[in-house]
Structures are given as structure tokens and as C-alpha cells.
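Student: Sending over a structure as C-alpha cells; questions will come in a sec.
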Amino acid sequence: MKVRVELDRCIGAGHCVLLAPDVFDQRVDDGVVVLLNDTPAPESHAAVRESAVACPASVIGLTDS
Ligand code: SF4
């Protein structure tokens, strides 16, 4: 799995951080997402897929690799 995030469209809602904290974090100053790992381990895939669905701005893109 490869993860991409459109940073300029992130609204800092934080759903992704709550669901997959090993993959997503947020910048302290403005809450914009920080992608910690763009190739997460298989055990994180379900949480990352949930994050993509839950993201209110639909800015998390996933591709299978
Ligand atoms: S859930 Fe979406 S909008 Fe919210 S911080 Fe994560 S990437 Fe940004």
C-alpha cells in the first residue's frame, strides 16, 4: 500500500490521526496532516483505509502496491 495526502486541501480535522496514529500526525501550528509513513505495514492497512473513508476533505489517496 502507498499513501498520498493532498496537504493543501487538508482541513486538519484529525480523523486520520485518531484512526491510524502510526501513519498520520498533525502539525502543531495549523493542524495540517503529517504523513509519517507512506508505505505502512500490512497490520495498519485496515486503519489507513478507514482513515481515507473518514477524512471529511477526501484528501487521503491509497494505491495498492
Ligand atoms: S482526516 Fe483528512 S482533513 Fe483531517 S487531518 Fe487527516 S487528512 Fe487532514
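Labeling convention for the C-alpha cells: chains A, B, ... as they appear, residues from 1 per chain, ligands from 1 in order of appearance.
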Each residue of chain A with at least one atom at most 6 Å from ligand 1 should appear once, together with its nearest atom pair and the corresponding distance in Å (one decimal); atoms considered: only C-alpha atoms and all ligand atoms; ordering: chain, then increasing residue number; output as CSV.
Tutor:
residue,atom,partner,partner_atom_place_in_ligand_line,distance
A:Cys10,CA,ligand 1,8 (Fe),3.9
A:Ile11,CA,ligand 1,3 (S),4.3
A:Gly12,CA,ligand 1,5 (S),3.8
A:Ala13,CA,ligand 1,4 (Fe),3.5
A:Gly14,CA,ligand 1,5 (S),3.8
A:His15,CA,ligand 1,1 (S),4.2
A:Cys16,CA,ligand 1,6 (Fe),4.3
A:Val32,CA,ligand 1,5 (S),5.7
A:Val33,CA,ligand 1,5 (S),4.7
A:Cys55,CA,ligand 1,1 (S),3.8
A:Pro56,CA,ligand 1,3 (S),5.7
A:Ala57,CA,ligand 1,3 (S),5.0
A:Val59,CA,ligand 1,7 (S),5.7
A:Ile60,CA,ligand 1,7 (S),5.8
Student: Could you find all residues in chain A that DSSP calls helix (DSSP H, G or I) from the backbone, and write them as a ChimeraX atom specification?
Tutor: /A:7-9,15-19,42-54
Student: Restricted to all heavy atoms, what would the selected residues look like written as a short mmCIF file (atom, residue, chain, number, x, y, z; two decimals), in the first residue's frame?
Tutor:
data_model
loop_
_atom_site.label_atom_id
_atom_site.label_comp_id
_atom_site.auth_asym_id
_atom_site.auth_seq_id
_atom_site.Cartn_x
_atom_site.Cartn_y
_atom_site.Cartn_z
N LEU A 7 -1.86 17.81 0.86
CA LEU A 7 -1.70 18.67 2.03
C LEU A 7 -2.44 19.99 1.90
O LEU A 7 -2.99 20.51 2.88
CB LEU A 7 -0.22 18.95 2.27
CG LEU A 7 0.65 17.74 2.64
CD1 LEU A 7 2.08 18.19 2.84
CD2 LEU A 7 0.12 17.05 3.89
N ASP A 8 -2.48 20.55 0.69
CA ASP A 8 -3.09 21.87 0.53
C ASP A 8 -4.60 21.84 0.68
O ASP A 8 -5.23 22.89 0.82
CB ASP A 8 -2.68 22.49 -0.82
CG ASP A 8 -3.03 21.60 -2.00
OD1 ASP A 8 -3.15 20.38 -1.81
OD2 ASP A 8 -3.18 22.12 -3.10
N ARG A 9 -5.19 20.64 0.68
CA ARG A 9 -6.65 20.54 0.84
C ARG A 9 -7.04 19.96 2.20
O ARG A 9 -8.23 19.84 2.52
CB ARG A 9 -7.24 19.69 -0.28
CG ARG A 9 -7.15 20.36 -1.65
CD ARG A 9 -7.80 19.51 -2.75
NE ARG A 9 -9.12 19.07 -2.36
CZ ARG A 9 -9.56 17.81 -2.45
NH1 ARG A 9 -8.78 16.89 -2.93
NH2 ARG A 9 -10.76 17.48 -2.07
N HIS A 15 -9.23 13.15 11.95
CA HIS A 15 -9.78 11.79 11.99
C HIS A 15 -8.70 10.75 11.71
O HIS A 15 -8.65 9.69 12.32
CB HIS A 15 -10.89 11.64 10.97
CG HIS A 15 -12.09 12.50 11.23
ND1 HIS A 15 -12.03 13.86 11.31
CD2 HIS A 15 -13.38 12.18 11.45
CE1 HIS A 15 -13.24 14.34 11.55
NE2 HIS A 15 -14.07 13.34 11.64
N CYS A 16 -7.85 11.06 10.75
CA CYS A 16 -6.80 10.11 10.35
C CYS A 16 -5.84 9.84 11.50
O CYS A 16 -5.40 8.71 11.69
CB CYS A 16 -6.05 10.64 9.14
SG CYS A 16 -5.31 12.28 9.39
N VAL A 17 -5.53 10.86 12.28
CA VAL A 17 -4.59 10.69 13.39
C VAL A 17 -5.19 9.80 14.47
O VAL A 17 -4.50 8.97 15.07
CB VAL A 17 -4.21 12.07 13.97
CG1 VAL A 17 -3.23 11.93 15.11
CG2 VAL A 17 -3.63 12.96 12.87
N LEU A 18 -6.47 9.98 14.72
CA LEU A 18 -7.14 9.15 15.72
C LEU A 18 -7.20 7.69 15.29
O LEU A 18 -7.04 6.78 16.10
CB LEU A 18 -8.56 9.67 15.97
CG LEU A 18 -8.65 11.05 16.65
CD1 LEU A 18 -10.11 11.51 16.70
CD2 LEU A 18 -8.07 10.98 18.06
N LEU A 19 -7.43 7.47 13.99
CA LEU A 19 -7.62 6.10 13.50
C LEU A 19 -6.29 5.38 13.25
O LEU A 19 -6.19 4.17 13.47
CB LEU A 19 -8.43 6.14 12.20
CG LEU A 19 -9.92 6.49 12.38
CD1 LEU A 19 -10.54 6.86 11.04
CD2 LEU A 19 -10.67 5.32 13.02
N PRO A 42 1.40 -4.05 6.74
CA PRO A 42 0.10 -4.66 6.48
C PRO A 42 -0.87 -4.57 7.65
O PRO A 42 -2.08 -4.40 7.44
CB PRO A 42 0.46 -6.12 6.18
CG PRO A 42 1.84 -6.04 5.60
CD PRO A 42 2.52 -4.93 6.34
N GLU A 43 -0.37 -4.64 8.87
CA GLU A 43 -1.28 -4.59 10.01
C GLU A 43 -1.94 -3.22 10.19
O GLU A 43 -2.91 -3.08 10.93
CB GLU A 43 -0.57 -5.00 11.32
CG GLU A 43 0.67 -4.20 11.64
CD GLU A 43 1.95 -4.87 11.12
OE1 GLU A 43 1.90 -5.56 10.08
OE2 GLU A 43 2.99 -4.69 11.78
N SER A 44 -1.43 -2.21 9.51
CA SER A 44 -2.02 -0.86 9.58
C SER A 44 -2.97 -0.57 8.42
O SER A 44 -3.64 0.46 8.43
CB SER A 44 -0.90 0.19 9.58
OG SER A 44 -0.07 0.06 10.70
N HIS A 45 -3.04 -1.45 7.45
CA HIS A 45 -3.80 -1.15 6.24
C HIS A 45 -5.28 -0.89 6.51
O HIS A 45 -5.88 0.03 5.94
CB HIS A 45 -3.65 -2.27 5.21
CG HIS A 45 -2.29 -2.31 4.58
ND1 HIS A 45 -1.97 -3.14 3.54
CD2 HIS A 45 -1.16 -1.60 4.86
CE1 HIS A 45 -0.69 -2.95 3.20
NE2 HIS A 45 -0.19 -2.03 3.99
N ALA A 46 -5.88 -1.68 7.40
CA ALA A 46 -7.31 -1.51 7.67
C ALA A 46 -7.57 -0.13 8.27
O ALA A 46 -8.52 0.57 7.87
CB ALA A 46 -7.81 -2.61 8.61
N ALA A 47 -6.72 0.30 9.20
CA ALA A 47 -6.90 1.60 9.84
C ALA A 47 -6.67 2.73 8.83
O ALA A 47 -7.35 3.76 8.87
CB ALA A 47 -5.94 1.74 11.02
N VAL A 48 -5.72 2.54 7.93
CA VAL A 48 -5.46 3.57 6.92
C VAL A 48 -6.64 3.66 5.94
O VAL A 48 -7.05 4.77 5.55
CB VAL A 48 -4.14 3.27 6.17
CG1 VAL A 48 -3.96 4.22 5.00
CG2 VAL A 48 -2.97 3.37 7.13
N ARG A 49 -7.21 2.55 5.57
CA ARG A 49 -8.39 2.57 4.69
C ARG A 49 -9.55 3.27 5.39
O ARG A 49 -10.29 4.04 4.77
CB ARG A 49 -8.80 1.14 4.29
CG ARG A 49 -7.82 0.48 3.35
CD ARG A 49 -8.35 -0.87 2.86
NE ARG A 49 -7.28 -1.74 2.43
CZ ARG A 49 -6.62 -1.61 1.29
NH1 ARG A 49 -6.94 -0.65 0.47
NH2 ARG A 49 -5.64 -2.45 0.98
N GLU A 50 -9.72 3.00 6.68
CA GLU A 50 -10.76 3.69 7.46
C GLU A 50 -10.51 5.18 7.47
O GLU A 50 -11.45 5.98 7.36
CB GLU A 50 -10.75 3.20 8.91
CG GLU A 50 -11.61 2.00 9.20
CD GLU A 50 -11.66 1.74 10.70
OE1 GLU A 50 -12.35 2.48 11.42
OE2 GLU A 50 -10.98 0.80 11.15
N SER A 51 -9.26 5.58 7.60
CA SER A 51 -8.90 7.00 7.63
C SER A 51 -9.29 7.66 6.31
O SER A 51 -9.82 8.78 6.30
CB SER A 51 -7.41 7.17 7.86
OG SER A 51 -7.01 6.61 9.08
N ALA A 52 -9.01 6.99 5.21
CA ALA A 52 -9.32 7.56 3.90
C ALA A 52 -10.83 7.76 3.74
O ALA A 52 -11.27 8.77 3.19
CB ALA A 52 -8.78 6.65 2.80
N VAL A 53 -11.60 6.82 4.27
CA VAL A 53 -13.06 6.94 4.18
C VAL A 53 -13.55 8.03 5.12
O VAL A 53 -14.46 8.81 4.78
CB VAL A 53 -13.73 5.58 4.53
CG1 VAL A 53 -15.23 5.73 4.67
CG2 VAL A 53 -13.39 4.53 3.49
N ALA A 54 -12.94 8.13 6.30
CA ALA A 54 -13.41 9.07 7.31
C ALA A 54 -12.98 10.50 7.04
O ALA A 54 -13.60 11.44 7.55
CB ALA A 54 -12.89 8.64 8.68
#
Student: Would you return as number ranges by chain the members of chain A that DSSP assigns to strand (DSSP E) on this structure's backbone?
Tutor: A: 2-5, 24-26, 33-35, 60-63
Student: Please, what distance in Å, to one decimal, runs between atom CA of Thr63 of chain A and atom CA of Asp29 of chain A?
Tutor: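 That distance, rounded to one decimal, is 29.3 Å.
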